[in-house]
Amino acid sequence: MKPRTLRDIEAAFRSSWSAETCDQVDVAHWSTTNPARGQCGATALTLNDLLGGELLVAEVLFLRGIRQGFHYWNLLSGGVEVDLTRGQFASIEVVQAPEVVVLPPGLPGRGSKQYLLLKDRVFAALAHAA
């Protein structure tokens, strides 16, 4: 199999995102003009399946300090943070300092359907590109 670059992996994710892979809390705000919206949980889990490392989570606040939700991304070995969905946020949404999340075994309690669909699409896109 051809070695994958982070650029190849990011392209596979971007081509795989859709309303069907979006977190149900954000699906009303998902669009092709902001395809990363609501994709962070499924994306971070799938990237962890591909590259390992740790999962990071942080609160997202509106500028007035009202909680908007949570954001997930990855911390790879060697301390490299990879956040493929950071661009989803408007200027009034501020991502706070992250914490490491311990991944429980099995599927996530919420968003399992979206995660499994995204994972299938990304793995297929990477296999097709090889």
# chains A, B, ... in the order shown; residues from 1 in each chain; ligands from 1
>>> residues_around(residues="Thr5 in chain A", least_positions_apart="4", cutoff="12 Å", atoms="only C-alpha atoms", output="VMD selection string")
chain A and resid 9 to 12 50 to 51 126 129 to 130
>>> write_last_selection(atoms="C-alpha atoms", output="PDB file, in the first residue's frame")
ATOM      1  CA  ILE A   9      -5.833  11.591   4.847  1.00  0.00           C
ATOM      2  CA  GLU A  10      -7.391  15.055   5.096  1.00  0.00           C
ATOM      3  CA  ALA A  11      -8.645  14.807   1.498  1.00  0.00           C
ATOM      4  CA  ALA A  12     -10.243  11.434   2.279  1.00  0.00           C
ATOM      5  CA  LEU A  50      -5.835   5.399  11.502  1.00  0.00           C
ATOM      6  CA  LEU A  51      -2.950   7.027  13.380  1.00  0.00           C
ATOM      7  CA  LEU A 126      -7.836   5.780   1.230  1.00  0.00           C
ATOM      8  CA  ALA A 129      -6.327   6.233  -3.595  1.00  0.00           C
ATOM      9  CA  ALA A 130      -3.605   3.625  -2.937  1.00  0.00           C
TER      10      ALA A 130
END
>>> select_by_dssp(residues="chain A", states="helix (DSSP H, G or I)", output="JSON, numbers by chain")
{"A": [6, 7, 8, 9, 10, 11, 12, 13, 14, 15, 16, 19, 20, 21, 27, 28, 29, 40, 41, 42, 43, 44, 45, 46, 47, 48, 49, 50, 51, 86, 87, 88, 112, 113, 114, 115, 116, 117, 118, 119, 120, 121, 122, 123, 124, 125, 126, 127, 128, 129]}
>>> residues_around(residues="Arg37 in chain A", least_positions_apart="2", cutoff="9 Å", atoms="only C-alpha atoms", output="list in words")
Cys22, Asp23, Asp26, Val27, His29, Trp30, Ser31, Asn34, Pro35, Gln39, Cys40, Thr85, Arg86, Gly87, Gln88 and Phe89 of chain A
>>> closest_residue(among="A:Ile92, A:Leu6, A:Leu75, A:Leu84", to="Gly52 in chain A", atoms="only C-alpha atoms")
A:Leu75
>>> closest_residue(among="A:Gly38, A:His128, A:Ser15, A:Asn74", to="Tyr115 in chain A", atoms="only C-alpha atoms")
A:Gly38
>>> select_by_dssp(residues="range 68-127 of chain A", states="strand (DSSP E or B)", output="list in words")
Gln68, Gly69, Phe70, His71, Tyr72, Trp73, Asn74, Leu75, Glu81, Val82, Glu93, Val94, Val95, Glu99, Val100 and Val101 of chain A
>>> closest_residue(among="A:Ala97, A:Leu76, A:Leu118, A:Leu63", to="Gly41 in chain A", atoms="only C-alpha atoms")
A:Leu118
>>> residues_around(residues="Leu107 in chain A", least_positions_apart="5", cutoff="10 Å", atoms="only C-alpha atoms", output="ChimeraX atom specification")
/A:45,112-113,115-116
>>> closest_residue(among="A:Val122, A:Val94, A:Val102, A:Val25", to="Gly65 in chain A", atoms="only C-alpha atoms")
A:Val94
>>> atom_distance(atom1="CA of Ala124 in chain A", atom2="CA of Ala28 in chain A")
26.7 Å
>>> decode(residues="range 101-113 of chain A", atoms="all heavy atoms", output="PDB file, in the first residue's frame")
ATOM      1  N   VAL A 101      -9.006  12.831  26.511  1.00  0.00           N
ATOM      2  CA  VAL A 101     -10.144  11.957  26.765  1.00  0.00           C
ATOM      3  C   VAL A 101      -9.658  10.518  26.739  1.00  0.00           C
ATOM      4  O   VAL A 101      -8.951  10.115  25.807  1.00  0.00           O
ATOM      5  CB  VAL A 101     -11.220  12.116  25.664  1.00  0.00           C
ATOM      6  CG1 VAL A 101     -12.344  11.118  25.849  1.00  0.00           C
ATOM      7  CG2 VAL A 101     -11.755  13.522  25.632  1.00  0.00           C
ATOM      8  N   VAL A 102     -10.017   9.757  27.744  1.00  0.00           N
ATOM      9  CA  VAL A 102      -9.700   8.334  27.746  1.00  0.00           C
ATOM     10  C   VAL A 102     -10.781   7.632  26.922  1.00  0.00           C
ATOM     11  O   VAL A 102     -11.970   7.754  27.220  1.00  0.00           O
ATOM     12  CB  VAL A 102      -9.655   7.773  29.183  1.00  0.00           C
ATOM     13  CG1 VAL A 102      -9.420   6.271  29.168  1.00  0.00           C
ATOM     14  CG2 VAL A 102      -8.586   8.496  29.985  1.00  0.00           C
ATOM     15  N   LEU A 103     -10.354   6.925  25.887  1.00  0.00           N
ATOM     16  CA  LEU A 103     -11.309   6.242  25.015  1.00  0.00           C
ATOM     17  C   LEU A 103     -11.799   4.953  25.670  1.00  0.00           C
ATOM     18  O   LEU A 103     -11.005   4.068  25.961  1.00  0.00           O
ATOM     19  CB  LEU A 103     -10.657   5.898  23.674  1.00  0.00           C
ATOM     20  CG  LEU A 103     -10.364   7.067  22.757  1.00  0.00           C
ATOM     21  CD1 LEU A 103      -9.532   6.601  21.570  1.00  0.00           C
ATOM     22  CD2 LEU A 103     -11.644   7.708  22.278  1.00  0.00           C
ATOM     23  N   PRO A 104     -13.097   4.845  25.890  1.00  0.00           N
ATOM     24  CA  PRO A 104     -13.625   3.589  26.417  1.00  0.00           C
ATOM     25  C   PRO A 104     -13.638   2.541  25.311  1.00  0.00           C
ATOM     26  O   PRO A 104     -13.633   2.882  24.123  1.00  0.00           O
ATOM     27  CB  PRO A 104     -15.046   3.956  26.850  1.00  0.00           C
ATOM     28  CG  PRO A 104     -15.411   5.117  25.998  1.00  0.00           C
ATOM     29  CD  PRO A 104     -14.127   5.846  25.704  1.00  0.00           C
ATOM     30  N   PRO A 105     -13.657   1.274  25.666  1.00  0.00           N
ATOM     31  CA  PRO A 105     -13.715   0.237  24.625  1.00  0.00           C
ATOM     32  C   PRO A 105     -15.076   0.261  23.926  1.00  0.00           C
ATOM     33  O   PRO A 105     -16.076   0.717  24.503  1.00  0.00           O
ATOM     34  CB  PRO A 105     -13.528  -1.067  25.413  1.00  0.00           C
ATOM     35  CG  PRO A 105     -13.921  -0.735  26.811  1.00  0.00           C
ATOM     36  CD  PRO A 105     -13.625   0.725  27.012  1.00  0.00           C
ATOM     37  N   GLY A 106     -15.091  -0.193  22.703  1.00  0.00           N
ATOM     38  CA  GLY A 106     -16.354  -0.284  21.966  1.00  0.00           C
ATOM     39  C   GLY A 106     -16.719   1.003  21.268  1.00  0.00           C
ATOM     40  O   GLY A 106     -15.920   1.934  21.142  1.00  0.00           O
ATOM     41  N   LEU A 107     -17.960   1.058  20.832  1.00  0.00           N
ATOM     42  CA  LEU A 107     -18.468   2.206  20.087  1.00  0.00           C
ATOM     43  C   LEU A 107     -18.819   3.352  21.034  1.00  0.00           C
ATOM     44  O   LEU A 107     -19.140   3.122  22.192  1.00  0.00           O
ATOM     45  CB  LEU A 107     -19.714   1.802  19.298  1.00  0.00           C
ATOM     46  CG  LEU A 107     -19.486   0.821  18.161  1.00  0.00           C
ATOM     47  CD1 LEU A 107     -20.816   0.372  17.565  1.00  0.00           C
ATOM     48  CD2 LEU A 107     -18.596   1.419  17.088  1.00  0.00           C
ATOM     49  N   PRO A 108     -18.791   4.575  20.511  1.00  0.00           N
ATOM     50  CA  PRO A 108     -19.198   5.707  21.352  1.00  0.00           C
ATOM     51  C   PRO A 108     -20.676   5.597  21.714  1.00  0.00           C
ATOM     52  O   PRO A 108     -21.478   5.037  20.958  1.00  0.00           O
ATOM     53  CB  PRO A 108     -18.937   6.922  20.458  1.00  0.00           C
ATOM     54  CG  PRO A 108     -18.891   6.402  19.072  1.00  0.00           C
ATOM     55  CD  PRO A 108     -18.430   4.981  19.160  1.00  0.00           C
ATOM     56  N   GLY A 109     -21.035   6.140  22.861  1.00  0.00           N
ATOM     57  CA  GLY A 109     -22.416   6.099  23.313  1.00  0.00           C
ATOM     58  C   GLY A 109     -23.339   6.949  22.466  1.00  0.00           C
ATOM     59  O   GLY A 109     -24.514   6.680  22.334  1.00  0.00           O
ATOM     60  N   ARG A 110     -22.801   7.989  21.875  1.00  0.00           N
ATOM     61  CA  ARG A 110     -23.574   8.888  21.020  1.00  0.00           C
ATOM     62  C   ARG A 110     -22.825   9.053  19.700  1.00  0.00           C
ATOM     63  O   ARG A 110     -21.613   9.183  19.689  1.00  0.00           O
ATOM     64  CB  ARG A 110     -23.707  10.249  21.702  1.00  0.00           C
ATOM     65  CG  ARG A 110     -24.694  11.148  21.025  1.00  0.00           C
ATOM     66  CD  ARG A 110     -24.879  12.455  21.787  1.00  0.00           C
ATOM     67  NE  ARG A 110     -24.691  13.493  20.795  1.00  0.00           N
ATOM     68  CZ  ARG A 110     -23.866  14.505  20.897  1.00  0.00           C
ATOM     69  NH1 ARG A 110     -23.144  14.663  21.967  1.00  0.00           N
ATOM     70  NH2 ARG A 110     -23.764  15.383  19.955  1.00  0.00           N
ATOM     71  N   GLY A 111     -23.518   9.023  18.587  1.00  0.00           N
ATOM     72  CA  GLY A 111     -22.886   9.244  17.292  1.00  0.00           C
ATOM     73  C   GLY A 111     -22.263   8.015  16.675  1.00  0.00           C
ATOM     74  O   GLY A 111     -21.459   8.139  15.746  1.00  0.00           O
ATOM     75  N   SER A 112     -22.609   6.833  17.165  1.00  0.00           N
ATOM     76  CA  SER A 112     -22.017   5.597  16.629  1.00  0.00           C
ATOM     77  C   SER A 112     -22.300   5.425  15.140  1.00  0.00           C
ATOM     78  O   SER A 112     -21.411   5.043  14.380  1.00  0.00           O
ATOM     79  CB  SER A 112     -22.547   4.371  17.368  1.00  0.00           C
ATOM     80  OG  SER A 112     -22.143   4.407  18.701  1.00  0.00           O
ATOM     81  N   LYS A 113     -23.526   5.700  14.740  1.00  0.00           N
ATOM     82  CA  LYS A 113     -23.915   5.543  13.330  1.00  0.00           C
ATOM     83  C   LYS A 113     -23.078   6.468  12.443  1.00  0.00           C
ATOM     84  O   LYS A 113     -22.572   6.044  11.401  1.00  0.00           O
ATOM     85  CB  LYS A 113     -25.407   5.857  13.189  1.00  0.00           C
ATOM     86  CG  LYS A 113     -25.936   5.762  11.799  1.00  0.00           C
ATOM     87  CD  LYS A 113     -27.430   6.087  11.780  1.00  0.00           C
ATOM     88  CE  LYS A 113     -27.913   6.305  10.361  1.00  0.00           C
ATOM     89  NZ  LYS A 113     -29.299   6.782  10.330  1.00  0.00           N
TER      90      LYS A 113
END
